[in-house]
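Structure file run_3.txt; described as compact mmCIF, C-alpha atoms.
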# COMPACT_ATOMS: atom_id res chain seq x y z
CA MET A 249 3.76 138.65 -21.62
CA ASP A 250 0.12 139.60 -22.19
CA ALA A 251 -0.35 141.57 -25.42
CA LEU A 252 -3.42 142.88 -27.20
CA THR A 253 -3.06 141.07 -30.53
CA ASP A 254 -6.33 141.80 -32.34
CA PHE A 255 -7.35 145.36 -33.09
CA ALA A 256 -10.14 144.32 -35.46
CA THR A 257 -12.81 145.80 -33.19
CA VAL A 258 -11.08 149.15 -32.69
CA GLY A 259 -9.10 149.52 -35.94
CA ALA A 260 -11.41 152.15 -37.42
CA ALA A 261 -11.36 154.18 -34.20
CA TYR A 262 -7.56 154.00 -34.11
CA SER A 263 -7.27 155.21 -37.71
CA ALA A 264 -9.71 158.05 -37.07
CA HIS A 265 -7.77 159.15 -34.01
CA SER A 266 -4.49 158.91 -35.92
CA LEU A 267 -5.85 161.30 -38.55
CA SER A 268 -7.33 163.72 -36.02
CA ALA A 269 -5.51 166.88 -34.94
CA ARG A 270 -4.62 165.24 -31.61
CA GLY A 271 -3.29 162.21 -33.46
CA ARG A 272 -1.28 164.40 -35.82
CA LEU A 273 0.28 166.17 -32.84
CA ARG A 274 1.46 162.84 -31.48
CA HIS A 275 2.96 161.72 -34.78
CA ASP A 276 4.56 165.09 -35.58
CA LEU A 277 6.18 165.42 -32.16
CA VAL A 278 7.43 161.85 -31.99
CA ALA A 279 8.74 161.79 -35.56
CA ARG A 280 10.64 165.05 -35.10
CA ARG A 281 12.31 163.80 -31.92
CA LEU A 282 13.12 160.37 -33.33
CA LEU A 283 14.49 161.63 -36.66
CA ALA A 284 16.87 163.94 -34.76
CA GLU A 285 18.58 160.80 -33.39
CA LEU A 286 18.84 158.93 -36.71
CA PRO A 287 21.69 159.30 -39.22
CA ALA A 288 21.16 161.37 -42.36
CA GLY A 289 21.78 158.31 -44.54
CA PRO A 290 19.42 155.33 -44.79
CA ALA A 291 18.99 153.60 -41.43
CA ARG A 292 17.51 150.16 -40.79
CA VAL A 293 14.41 150.73 -38.67
CA LEU A 294 12.11 148.22 -37.00
CA ASP A 295 8.62 149.59 -36.22
CA VAL A 296 7.04 147.20 -33.72
CA GLY A 297 3.28 147.58 -33.37
CA CYS A 298 3.16 149.62 -36.57
CA GLY A 299 -0.63 149.84 -36.60
CA ASP A 300 -1.88 151.31 -39.86
CA GLY A 301 1.65 152.34 -40.86
CA GLU A 302 1.68 156.05 -40.05
CA MET A 303 5.16 156.14 -38.50
CA THR A 304 6.44 153.54 -40.95
CA LEU A 305 5.54 155.79 -43.87
CA ARG A 306 7.04 158.85 -42.20
CA LEU A 307 10.32 157.06 -41.60
CA ALA A 308 10.42 155.73 -45.15
CA ALA A 309 9.70 159.22 -46.50
CA ALA A 310 12.76 160.41 -44.55
CA GLY A 311 14.87 157.94 -46.53
CA HIS A 312 15.06 154.98 -44.14
CA GLN A 313 14.52 151.26 -44.71
CA VAL A 314 11.65 150.16 -42.47
CA THR A 315 10.51 146.75 -41.29
CA ALA A 316 6.97 147.16 -39.95
CA ALA A 317 5.63 144.49 -37.60
CA ASP A 318 2.19 144.08 -36.03
CA PRO A 319 0.45 141.04 -34.52
CA SER A 320 -2.94 142.12 -35.86
CA ALA A 321 -3.76 141.00 -39.40
CA GLU A 322 -6.41 143.73 -39.47
CA MET A 323 -3.94 146.52 -38.70
CA LEU A 324 -1.21 145.08 -40.92
CA GLY A 325 -3.72 144.97 -43.78
CA ALA A 326 -4.47 148.64 -43.24
CA ALA A 327 -0.74 149.37 -43.32
CA ALA A 328 -0.34 147.34 -46.52
CA ARG A 329 -3.08 149.37 -48.22
CA ARG A 330 -1.38 152.61 -47.27
CA VAL A 331 1.97 151.34 -48.51
CA ARG A 332 0.46 150.31 -51.84
CA ALA A 333 -0.86 153.84 -52.20
CA ARG A 334 2.75 155.09 -51.99
CA PRO A 335 4.62 153.17 -54.71
CA ASP A 336 7.52 155.62 -54.31
CA LEU A 337 8.07 154.37 -50.74
CA ALA A 338 6.98 150.73 -51.06
CA PRO A 339 10.48 149.39 -51.96
CA GLN A 340 11.77 150.69 -48.61
CA ILE A 341 9.13 148.89 -46.52
CA ARG A 342 8.58 145.26 -45.57
CA LEU A 343 5.61 144.11 -43.49
CA VAL A 344 5.78 141.28 -40.95
CA GLU A 345 2.87 139.83 -38.96
CA ALA A 346 4.42 139.47 -35.51
CA GLY A 347 4.18 140.86 -31.99
CA ILE A 348 6.95 141.67 -29.53
CA ASP A 349 7.13 138.07 -28.31
CA SER A 350 7.22 136.56 -31.82
CA LEU A 351 9.57 138.83 -33.79
CA PRO A 352 11.52 136.63 -36.27
CA PHE A 353 14.86 138.44 -36.06
CA GLU A 354 17.31 136.15 -34.28
CA ARG A 355 20.43 137.60 -35.92
CA GLU A 356 19.20 140.82 -37.53
CA ARG A 357 19.84 144.09 -35.72
CA PHE A 358 18.47 147.57 -36.43
CA ASP A 359 19.73 151.15 -36.25
CA ALA A 360 16.44 152.07 -34.61
CA VAL A 361 13.78 149.97 -32.91
CA CYS A 362 10.49 151.79 -32.41
CA CYS A 363 7.65 150.61 -30.21
CA HIS A 364 4.99 153.30 -30.10
CA GLY A 365 1.61 152.90 -28.43
CA VAL A 366 2.12 149.24 -27.49
CA LEU A 367 3.47 148.89 -23.94
CA MET A 368 0.29 150.38 -22.50
CA TYR A 369 -1.55 147.21 -23.58
CA LEU A 370 0.88 144.88 -21.81
CA ASP A 371 0.74 143.81 -18.18
CA ASP A 372 4.33 144.92 -17.64
CA ALA A 373 7.02 146.75 -19.63
CA ALA A 374 10.14 144.93 -18.40
CA GLU A 375 10.11 141.86 -20.63
CA ALA A 376 9.13 143.85 -23.72
CA VAL A 377 11.88 146.44 -23.23
CA GLY A 378 14.42 143.63 -22.81
CA ARG A 379 13.37 141.97 -26.08
CA LEU A 380 13.38 145.25 -27.99
CA ALA A 381 16.73 146.39 -26.58
CA GLY A 382 18.30 143.17 -27.79
CA LEU A 383 17.44 144.09 -31.39
CA VAL A 384 19.22 147.47 -31.36
CA ALA A 385 22.51 147.57 -33.27
CA ARG A 386 25.54 149.24 -31.71
CA GLY A 387 25.09 152.99 -32.08
CA GLY A 388 21.37 152.52 -32.70
CA VAL A 389 18.42 153.82 -30.68
CA LEU A 390 15.42 152.35 -28.92
CA SER A 391 12.35 154.58 -29.17
CA ILE A 392 9.39 153.89 -26.87
CA LEU A 393 6.14 155.83 -26.74
CA THR A 394 3.57 154.87 -24.15
CA LYS A 395 1.11 156.24 -21.63
CA ASN A 396 2.57 158.52 -18.98
CA ARG A 397 1.73 157.10 -15.58
CA ALA A 398 2.88 160.30 -13.87
CA ALA A 399 0.02 162.25 -15.52
CA THR A 400 -2.82 159.81 -14.85
CA GLY A 401 -5.97 161.80 -14.05
CA PHE A 402 -4.76 165.02 -15.70
CA ARG A 403 -6.90 164.55 -18.84
CA GLU A 404 -9.98 163.75 -16.80
CA ALA A 405 -9.52 166.85 -14.64
CA LEU A 406 -9.16 169.15 -17.65
CA ARG A 407 -12.31 167.66 -19.16
CA GLY A 408 -14.23 168.41 -15.98
CA GLU A 409 -14.55 164.74 -15.02
CA TYR A 410 -13.61 165.61 -11.47
CA ARG A 411 -14.78 162.53 -9.62
CA ALA A 412 -12.92 160.23 -12.00
CA ALA A 413 -9.84 162.49 -11.81
CA ARG A 414 -9.81 162.48 -8.00
CA ASP A 415 -10.17 158.72 -7.89
CA LEU A 416 -7.23 158.22 -10.25
CA ILE A 417 -5.04 160.81 -8.53
CA GLU A 418 -5.77 159.84 -4.93
CA HIS A 419 -5.19 156.15 -5.61
CA GLY A 420 -2.05 156.69 -7.71
CA ALA A 421 -3.72 154.62 -10.41
CA ALA A 422 -1.50 152.90 -12.95
CA THR A 423 -4.34 152.39 -15.43
CA SER A 424 -7.15 154.44 -16.95
CA VAL A 425 -9.36 154.39 -20.04
CA GLY A 426 -7.64 155.49 -23.25
CA ASN A 427 -8.80 156.95 -26.58
CA LEU A 428 -10.07 153.61 -27.88
CA GLY A 429 -12.23 152.93 -24.84
CA LEU A 430 -9.81 150.34 -23.50
CA ARG A 431 -8.23 150.33 -20.06
CA THR A 432 -4.52 150.93 -20.52
CA ARG A 433 -1.50 150.94 -18.22
CA GLY A 434 1.09 153.69 -17.83
CA ASP A 435 4.84 153.82 -17.25
CA THR A 436 7.08 156.65 -16.08
CA ALA A 437 10.03 157.99 -18.05
CA GLN A 438 12.31 157.18 -15.12
CA ASP A 439 11.25 153.53 -15.06
CA LEU A 440 11.62 153.16 -18.82
CA ASP A 441 15.07 154.78 -18.74
CA ALA A 442 16.10 152.41 -15.95
CA LEU A 443 14.91 149.40 -17.94
CA ALA A 444 16.87 150.54 -21.01
CA ALA A 445 19.99 151.09 -18.90
CA ARG A 446 19.63 147.61 -17.42
CA HIS A 447 20.04 146.25 -20.94
CA GLY A 448 23.11 148.30 -21.77
CA LEU A 449 21.50 151.31 -23.44
CA ALA A 450 22.23 154.92 -22.49
CA PRO A 451 19.07 156.99 -21.96
CA LEU A 452 18.67 160.15 -24.05
CA PRO A 453 16.49 163.15 -23.13
CA TRP A 454 12.86 162.08 -22.96
CA GLN A 455 9.81 163.85 -24.31
CA GLY A 456 6.31 164.49 -22.99
CA VAL A 457 3.70 164.29 -25.74
CA ARG A 458 0.41 166.25 -25.81
CA VAL A 459 0.72 168.44 -22.74
CA PHE A 460 -1.86 171.12 -23.59
CA HIS A 461 -4.21 169.54 -26.14
CA ASP A 462 -4.84 165.99 -24.99
CA HIS A 463 -8.22 166.74 -23.41
CA HIS A 464 -9.75 168.30 -26.57
CA VAL A 465 -12.20 165.74 -27.96
CA ASP A 466 -13.37 167.50 -31.13
CA TRP A 467 -10.46 169.84 -31.76
CA ASN A 468 -10.42 170.87 -35.42
CA PRO A 469 -7.89 173.69 -35.81
CA GLY A 470 -7.15 175.58 -39.00
CA PRO A 471 -3.65 175.35 -40.49
CA GLU A 472 -2.24 178.38 -38.65
CA GLU A 473 -3.71 177.37 -35.29
CA TYR A 474 -2.33 173.85 -35.71
CA VAL A 475 1.17 175.17 -36.46
CA GLN A 476 1.05 177.38 -33.37
CA ALA A 477 -0.21 174.49 -31.24
CA LEU A 478 2.49 172.17 -32.55
CA GLN A 479 5.25 174.70 -31.89
CA THR A 480 3.97 175.25 -28.35
CA GLU A 481 3.76 171.51 -27.66
CA TRP A 482 7.28 171.06 -29.03
CA ALA A 483 8.65 173.81 -26.77
CA ALA A 484 7.07 172.14 -23.74
CA SER A 485 7.85 168.55 -24.69
CA THR A 486 11.46 168.53 -23.41
CA ARG A 487 11.15 171.08 -20.59
CA ASP A 488 10.20 170.51 -16.97
CA PRO A 489 7.68 170.76 -15.46
CA TYR A 490 5.59 170.75 -18.64
CA ARG A 491 6.76 167.46 -20.12
CA GLN A 492 5.85 165.64 -16.92
CA LEU A 493 2.16 166.32 -17.67
CA GLY A 494 2.11 164.94 -21.21
CA ARG A 495 -0.47 162.24 -21.79
CA LEU A 496 2.24 160.16 -23.44
CA VAL A 497 5.91 159.72 -22.62
CA HIS A 498 8.51 159.22 -25.36
CA THR A 499 11.82 157.79 -24.19
CA LEU A 500 14.91 157.09 -26.27
CA ALA A 501 18.10 155.23 -25.44
CA ARG A 502 21.23 154.55 -27.48
CA HIS A 503 23.26 151.36 -27.63
CA GLY A 504 26.85 152.26 -26.87
CA ALA A 505 26.30 156.01 -26.45
CA GLU A 506 28.54 158.00 -24.14
CA ARG A 507 26.93 161.38 -24.72
CA ARG A 508 23.42 162.74 -24.43
CA ARG A 509 21.94 164.69 -27.30
CA THR A 510 19.54 167.59 -27.03
CA PRO A 511 16.78 167.75 -29.66

What's the structure tokens form of this structure?
Amino acid sequence: MDALTDFATVGAAYSAHSLSARGRLRHDLVARRLLAELPAGPARVLDVGCGDGEMTLRLAAAGHQVTAADPSAEMLGAAARRVRARPDLAPQIRLVEAGIDSLPFERERFDAVCCHGVLMYLDDAAEAVGRLAGLVARGGVLSILTKNRAATGFREALRGEYRAARDLIEHGAATSVGNLGLRTRGDTAQDLDALAARHGLAPLPWQGVRVFHDHHVDWNPGPEEYVQALQTEWAASTRDPYRQLGRLVHTLARHGAERRRTP
């Protein structure tokens, strides 16, 4: 399994994007969907590829116990600094330097396993999904956020990069250049759901993330505009055909679930 393990050269760009309005949309939409599937009481959550700790802190603030793992010492250091700045949440968080293929949890299982913004840097999703699914406790959920292969070329077209868009669309490209200037690979919701089902998990309704605002490079909305944008993205995120055009796809699957929940 080929993983990008050192974000030292793009860490600052990642943090800047995470704090941008587009980055906030991603985190707000994904957190809302994920938290709807978690119990009200403290859950044991594993955040794989935690980056600078944005989702880790959100989950801890919601009352959960979070193990945050990342293979990059640079990114884990950034997460540690953010955790230290929140002494009220620090007791609920432990940090582990590890990637998907080196997670040190042979017997430990989690009520939720999150892997957000990681699979796009791997050559293939199958092995990673299998490893992650094996860490989900009975009744728990697997939450995956990655690039939406079905919408490759959509961002470029909306930005007016027509030649690049046509090339991606006409060739059914699986990869394109992402926010950090790196070539990244996409997966479809259907393929991710099938992989989860292969490992005994029941797929839940999936979400398209950043349908209408992904192409805005320097979007700096005021508070009211952001709220309106977020509400509109949320309305579209679970409805066809809109969700199919999200830049990112957020799939969830439950271990031992017989019913499907609607967010």

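Reported to one decimal place, the separation of atom CA of A:Ala376 from atom CA of A:His503 is 16.5 Å.
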
Excluding same-chain residues fewer than 5 positions from stretch 391-408 of chain A, what lies within 8 Å of it counting only C-alpha atoms, as a PyMOL selection string? chain A and resi 282+360-368+413-414+416-417+420-424+432-437+462-464+492-501

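When all atoms listed in the file are used to measure the gap to A:Val278, the shortest distance among A:Ala477, A:Ala264, A:Ala442, A:Met303 belongs to A:Met303.
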
Give me the residues near A:Ser350 as a PyMOL selection string, where near means some atom within 12 Å (using all atoms listed in the file) and where sequence neighbours in that chain fewer than 3 positions away do not count. chain A and resi 249+251+253+296-297+317-319+344-347+353-354+376+379-380

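For the pair atom CA of A:Pro290 and atom CA of A:Val377, the separation is 24.5 Å.
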
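Distance-wise, atom CA of A:Leu383 and atom CA of A:His447 end up 11.0 Å apart.
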
Which protein, DNA or RNA residues are at most 9 Å from (19.6, 145.3, -19.7) in the file's coordinates when you count all atoms listed in the file, listed as a PyMOL selection string? chain A and resi 377-378+381-382+442-449

Neighbours of stretch 299-301 of chain A within 8 Å (all atoms listed in the file; same-chain residues fewer than 2 positions away dropped), as JSON, numbers by chain? {"A": [263, 297, 303, 304, 305, 316, 318, 323, 324, 325, 326, 327, 328, 330, 331]}

Exercise: residues within 8 Å of coordinate (16.6, 158.7, -24.8), counting all atoms listed in the file, as an MDAnalysis selection string: chainID A and resid 389:391 441 450:454 499:502 508

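Shortest atom-to-atom contact with A:Ala288 among A:Arg329, A:Arg342, A:His312, A:His275: A:His312, counting only C-alpha atoms.
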
Return as lines of an AutoDock Vina configuration file the box centre and box size in Å, one decimal, for an axis-aligned box around all listed atoms of stretch 351-362 of chain A padded by 4 Å per side.
center_x = 15.0
center_y = 144.1
center_z = -35.0
size_x = 18.9
size_y = 23.9
size_z = 13.1
